[in-house]
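Participant: First, the structure itself, so that you have it in front of you.
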Amino acid sequence: MAGPVRQTACRLLSAVAGSGSSGAVSDDCVGAMARIIPGIFKHTRCRNSVYPHSDVRRYPVPDESVFWTQTYADYQPPVHESPVLQGKEWADPDIDNPSFKPNWNELDGKVNRVSFIGAYEIRDGCPLNPFGRTGIRGRGVLGRWGPNHAADPVVTRWKPDGPDGRPLVHPASGKRVLQMCAIERQDCGEWAIPGGMVDPGEKVSATLRREFLEETMDNDAGEMAGEVEQFFAAGTEIYKGYVDDPRNTDCAWMETVAVNFHDGSGSVVGRFPLHAGDDAAQVRWMDVGEGVKLYASHSNIVKRVVDMLEAHW
Ligand code: BGC
């Protein structure tokens with residue numbers, strides 16, 4: 001990619017991801033940039049597949065037709081609205097319901113309709129996915145038209161090398177091995193960061209702590225409640241933006257804020273009473289490395305934590 005384009009994209013990335021980059025263009029930046037910049041990154045998980053929890057096949061979207069700026073005369077995606085959405089208080093009404101008058105691109109009452117990517121376009125009355133075509137119109141299983149906001153707490157510690165708790169150093173890289181607290185999602189059986197949706201009016205910091213507690217401690221930290229509270233008071237934001245999520249459609253998509261909470265001494269999180277709850281089937285400390293396979297864009301998020309903490313990959 002040409003230097004100036006690359007630099008502009010990296011500056012954009014810093015703005016979107018809040019990484020506070022000094023403007024230097026590193027290979028890391030290019031890699032991360034390719035993942036999330038609209039007009040450069042081409043989503044794959046929400047294209048050319050059968051829509052989750054349905055038998056609705058997405059209209060084919062070849063690489064050269066992903067962006068709205070590219071013409072695709074034959075594009076005729078099916079409309080899919082899951083029956084699950086009917087009557088749910090976390091879901092918007094139908095788009096053609098006369099009483100539904102959303103304030104797009106704004107904080108709409110308590111519902112955050114602002115995208116981290118910037119202002120999204122409204123076409124034929126529906127918000128347009130800023131990352132392009134997905135082969136499906138309607139909301140699928142997502143509750144909100146436009147951005148659906150999630151929060152992902154990446155809770156990490158160094159993998160202990162024996163009972164004295166010293167960090168294990170990987171012989172190949174000479175770097176310490178990182179472990180993250182991961183859950184197995186009940187909806188798809190994939191391992192994931194224990195994240196979840198931001199409730200209307202909820203602060204992201206509250207969602208991060210609430211989701212972690214619900215999914216990894218079944219909402220009961222017991223005697224550790226105070227320490228858990230304190231631990232979640234200090235995190236480092238590592239990603240903010242679009243997620244290449246299999247549920248995305250042309251009119252509804254996932255965005256997330258991912259924050260790392262690292263226990264450098266290993267003395268706090270090791271005592272958390274972990275047991276799966278809410279949407280989680282299992283919970284465990286998972287070694288993080290190149291082969292790690294996680295839900296949606298979670299591996300990309302975790303890789304950013306690895307780079308930041310200079311851990312083994
Ligand atoms: C999950 C988050 C994830 C987001 C986007 C939410 O349902 O709980 O962990 O980042 O979807 O994929």
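A note on labels: chains of the structure tokens are A, B, ... as shown, every chain counts residues from 1, and ligands are counted from 1 in their shown order.
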Which neighbours of Pro273 of chain A fall inside 8 Å, counting only C-alpha atoms, when residues of the same chain fewer than 5 positions from it are skipped, and could you give them as a ChimeraX atom specification?
Facilitator: /A:217,221-222,224
Participant: Generate a file of the selected residues that holds C-alpha atoms, formatted as a PDB file, in the first residue's frame.
Facilitator:
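Saved to out-v2.pdb:
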```
ATOM      1  CA  MET A 217     -18.674 -16.198  38.359  1.00  0.00           C
ATOM      2  CA  ALA A 221     -17.939 -13.106  43.534  1.00  0.00           C
ATOM      3  CA  GLY A 222     -18.532 -14.092  47.162  1.00  0.00           C
ATOM      4  CA  MET A 224     -13.845 -11.519  46.537  1.00  0.00           C
TER       5      MET A 224
END
```
Participant: What are the closest atom pairs, with distances in Å to one decimal, for each residue of chain A lying within 8 Å of ligand 1, using only C-alpha atoms and all ligand atoms, rows by chain and rising residue number, as a Markdown table?
Facilitator:
```
| residue | atom | partner | partner_atom_place_in_ligand_line | distance |
| --- | --- | --- | --- | --- |
| A:His149 | CA | ligand 1 | 4 (C) | 7.7 |
| A:Ala150 | CA | ligand 1 | 4 (C) | 5.3 |
| A:Ala151 | CA | ligand 1 | 2 (C) | 6.3 |
| A:Asp152 | CA | ligand 1 | 9 (O) | 5.3 |
| A:Ala192 | CA | ligand 1 | 9 (O) | 6.6 |
| A:Ile193 | CA | ligand 1 | 9 (O) | 5.5 |
| A:Pro194 | CA | ligand 1 | 9 (O) | 5.9 |
| A:Gly195 | CA | ligand 1 | 9 (O) | 3.7 |
| A:Gly196 | CA | ligand 1 | 8 (O) | 3.3 |
| A:Met197 | CA | ligand 1 | 6 (C) | 5.8 |
| A:Val243 | CA | ligand 1 | 5 (C) | 5.5 |
| A:Asp244 | CA | ligand 1 | 12 (O) | 6.9 |
| A:Asp245 | CA | ligand 1 | 12 (O) | 4.8 |
| A:Pro246 | CA | ligand 1 | 12 (O) | 7.8 |
| A:Met254 | CA | ligand 1 | 5 (C) | 5.2 |
| A:Glu255 | CA | ligand 1 | 5 (C) | 6.2 |
| A:Thr256 | CA | ligand 1 | 10 (O) | 5.7 |
| A:Val257 | CA | ligand 1 | 10 (O) | 8.0 |
| A:Ala258 | CA | ligand 1 | 10 (O) | 7.7 |
| A:Tyr295 | CA | ligand 1 | 12 (O) | 7.2 |
| A:Ala296 | CA | ligand 1 | 12 (O) | 5.1 |
| A:Ser297 | CA | ligand 1 | 12 (O) | 6.6 |
| A:His298 | CA | ligand 1 | 10 (O) | 6.5 |
```
Participant: Would you output that residue set with C-alpha atoms, as a PDB file, in the first residue's frame?
Facilitator:
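Output saved as out_28.pdb:
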```pdb
ATOM      1  CA  HIS A 149     -22.887  -2.065  21.048  1.00  0.00           C
ATOM      2  CA  ALA A 150     -20.977  -4.722  22.998  1.00  0.00           C
ATOM      3  CA  ALA A 151     -18.148  -4.614  25.550  1.00  0.00           C
ATOM      4  CA  ASP A 152     -15.367  -7.185  25.946  1.00  0.00           C
ATOM      5  CA  ALA A 192     -14.670 -16.331  23.452  1.00  0.00           C
ATOM      6  CA  ILE A 193     -13.939 -13.299  25.570  1.00  0.00           C
ATOM      7  CA  PRO A 194     -16.723 -13.134  28.202  1.00  0.00           C
ATOM      8  CA  GLY A 195     -18.309 -10.040  26.643  1.00  0.00           C
ATOM      9  CA  GLY A 196     -21.852  -8.927  26.119  1.00  0.00           C
ATOM     10  CA  MET A 197     -24.205  -6.205  25.015  1.00  0.00           C
ATOM     11  CA  VAL A 243     -16.606  -6.368  14.623  1.00  0.00           C
ATOM     12  CA  ASP A 244     -16.648  -8.848  11.732  1.00  0.00           C
ATOM     13  CA  ASP A 245     -19.452 -10.802  13.383  1.00  0.00           C
ATOM     14  CA  PRO A 246     -21.458 -13.589  11.659  1.00  0.00           C
ATOM     15  CA  MET A 254     -21.805  -5.276  15.928  1.00  0.00           C
ATOM     16  CA  GLU A 255     -19.349  -2.800  17.421  1.00  0.00           C
ATOM     17  CA  THR A 256     -17.357  -3.308  20.590  1.00  0.00           C
ATOM     18  CA  VAL A 257     -15.080  -1.710  23.141  1.00  0.00           C
ATOM     19  CA  ALA A 258     -12.462  -4.171  24.370  1.00  0.00           C
ATOM     20  CA  TYR A 295     -15.334 -16.316  18.294  1.00  0.00           C
ATOM     21  CA  ALA A 296     -15.841 -13.442  15.785  1.00  0.00           C
ATOM     22  CA  SER A 297     -12.866 -11.015  15.851  1.00  0.00           C
ATOM     23  CA  HIS A 298     -11.790 -11.988  19.364  1.00  0.00           C
TER      24      HIS A 298
END
```
Participant: At a cut-off of 9 Å, using only C-alpha atoms, what residues contact Val269 of chain A? Leave out same-chain residues fewer than 5 positions from it and give the result as an MDAnalysis selection string.
Facilitator: chainID A and resid 155:157 228 231 262:263
Participant: Restricting it to N, CA and C atoms, dump the selection as a CSV table (one decimal), in the first residue's frame.
Facilitator:
```
chain,number,residue,atom,x,y,z
A,155,VAL,N,-9.5,-10.3,30.4
A,155,VAL,CA,-8.8,-10.5,31.7
A,155,VAL,C,-7.7,-11.4,31.6
A,156,THR,N,-6.5,-10.9,31.9
A,156,THR,CA,-5.3,-11.7,31.6
A,156,THR,C,-4.4,-11.8,32.9
A,157,ARG,N,-3.5,-12.9,32.8
A,157,ARG,CA,-2.5,-13.1,33.8
A,157,ARG,C,-1.3,-13.8,33.1
A,228,VAL,N,-12.7,-7.8,43.2
A,228,VAL,CA,-13.2,-7.8,41.8
A,228,VAL,C,-13.5,-6.3,41.4
A,231,PHE,N,-10.3,-4.5,40.9
A,231,PHE,CA,-9.6,-5.0,39.8
A,231,PHE,C,-10.1,-4.3,38.5
A,262,HIS,N,-5.2,-6.6,33.4
A,262,HIS,CA,-4.1,-7.5,33.5
A,262,HIS,C,-3.7,-7.6,35.0
A,263,ASP,N,-3.6,-8.8,35.4
A,263,ASP,CA,-3.1,-9.1,36.8
A,263,ASP,C,-1.6,-9.4,36.7
```
Participant: Taking 4 positions as the minimum chain separation for residues in the same chain, which residues sit within 6 Å of segment 283-285 of chain A when counting only C-alpha atoms? Answer as JSON, numbers by chain.
Facilitator: {"A": [179, 180, 181, 182, 183, 276]}
Participant: Hey, which of A:Val198, A:Ala280, A:Trp158, A:Gly125 ends up closest to Asn97 of chain A? Count only C-alpha atoms.
Facilitator: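 Residue with the minimum atom-to-atom distance to Asn97 of chain A: A:Gly125.
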Participant: As a VMD selection string, which residues of segment 182-252 of chain A does DSSP assign to helix (DSSP H, G or I)?
Facilitator: chain A and resid 204 to 217 222 to 231
Participant: Env of Ile117 of chain A: 8 Å cut, atoms = only C-alpha atoms, seq-sep filter 4 positions within chain, self excluded. Answer as number ranges by chain.
Facilitator: A: 16, 38, 130, 241-242
Participant: Just the residues within 6 Å of segment 137-148 of chain A, please, counting only C-alpha atoms, with nothing from its chain fewer than 4 positions along; format it as a PyMOL selection string.
Facilitator: chain A and resi 79-82+91-92+115+127+249-254
Participant: Do you know which residues are at most 9 Å from His43 of chain A counting only C-alpha atoms, after dropping those on the same chain fewer than 3 positions away, and could you put them as a list in words?
Facilitator: Arg35, Ile36, Cys46, Arg47, Val66, Phe131, Gly132, Arg133, Thr134, Val243, Asp244 and Asp245 of chain A
Participant: Mind dumping the selected residues with N, CA and C atoms as a short mmCIF file (atom, residue, chain, number, x, y, z; two decimals), in the first residue's frame?
Facilitator:
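The resulting out_27.cif:
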```cif
data_model
loop_
_atom_site.label_atom_id
_atom_site.label_comp_id
_atom_site.auth_asym_id
_atom_site.auth_seq_id
_atom_site.Cartn_x
_atom_site.Cartn_y
_atom_site.Cartn_z
N ARG A 35 -7.48 -4.87 9.42
CA ARG A 35 -8.60 -5.55 10.04
C ARG A 35 -9.83 -4.65 10.19
N ILE A 36 -9.63 -3.36 10.38
CA ILE A 36 -10.81 -2.59 10.78
C ILE A 36 -11.13 -1.31 10.02
N CYS A 46 -19.36 -12.30 7.81
CA CYS A 46 -20.77 -11.99 7.56
C CYS A 46 -21.04 -11.90 6.05
N ARG A 47 -20.39 -12.79 5.31
CA ARG A 47 -20.61 -12.85 3.86
C ARG A 47 -20.62 -14.30 3.41
N VAL A 66 -17.84 -5.81 -2.22
CA VAL A 66 -18.18 -5.60 -0.80
C VAL A 66 -18.58 -4.15 -0.54
N PHE A 131 -19.20 -1.06 6.59
CA PHE A 131 -18.17 -1.93 6.01
C PHE A 131 -18.65 -2.64 4.75
N GLY A 132 -19.90 -2.33 4.33
CA GLY A 132 -20.32 -2.84 3.03
C GLY A 132 -21.38 -3.92 3.07
N ARG A 133 -21.51 -4.58 1.92
CA ARG A 133 -22.59 -5.56 1.72
C ARG A 133 -22.33 -6.86 2.50
N THR A 134 -23.43 -7.45 2.96
CA THR A 134 -23.33 -8.71 3.70
C THR A 134 -24.19 -9.80 3.07
N VAL A 243 -16.98 -4.96 14.47
CA VAL A 243 -16.61 -6.37 14.62
C VAL A 243 -17.12 -7.16 13.42
N ASP A 244 -16.25 -7.96 12.83
CA ASP A 244 -16.65 -8.85 11.73
C ASP A 244 -17.37 -10.03 12.36
N ASP A 245 -18.66 -9.84 12.62
CA ASP A 245 -19.45 -10.80 13.38
C ASP A 245 -20.41 -11.52 12.43
#
```
Participant: So, with only C-alpha atoms as the atoms that count, which of A:Leu213, A:Ala119, A:Ile95, A:Ile136 lies closest to Val61 of chain A?
Facilitator: A:Ile136
Participant: Give the strand (DSSP E or B) residues of segment 68-189 of chain A, as DSSP finds them on the backbone, and put them as an MDAnalysis selection string.
Facilitator: chainID A and resid 79:81 107:108 111:112 122:123 126:127 137:140 146:158 160 167 169 176 178:185
Participant: Let me make sure I understand: among A:Lys159, A:Arg57, A:Arg185, A:Lys101, which one has the smallest atom-to-atom distance to Gly277 of chain A if we use only C-alpha atoms?
Facilitator: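 Among A:Lys159, A:Arg57, A:Arg185, A:Lys101, it is A:Arg185 that comes nearest to Gly277 of chain A.
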Participant: Separation of atom CA of Val50 of chain A and atom CA of Asp278 of chain A, in Å?
Facilitator: 26.4 Å
Participant: Which residue gives the smallest distance to Gln76 of chain A among A:Lys175, A:Lys88, A:Gly135, A:Val259, with only C-alpha atoms counted?
Facilitator: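 Looking at the shortest contact to Gln76 of chain A, the residue is A:Gly135.
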Participant: For a test of reading the model, state the distance in Å between atom CA of Met308 of chain A and atom CA of Val154 of chain A, rounded to one decimal.
Facilitator: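 One can read the atom CA of Met308 of chain A to atom CA of Val154 of chain A distance as 12.6 Å.
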Participant: Restricting the calculation to only C-alpha atoms: of A:Val306, A:Ile40, A:Glu229, A:Asn103, which residue gets closest to Arg176 of chain A?
Facilitator: A:Val306
Participant: Ranking A:Asn219, A:Ser299, A:Ser265, A:Asn112 by minimum distance to Val204 of chain A and counting only C-alpha atoms, which one comes first?
Facilitator: A:Asn112
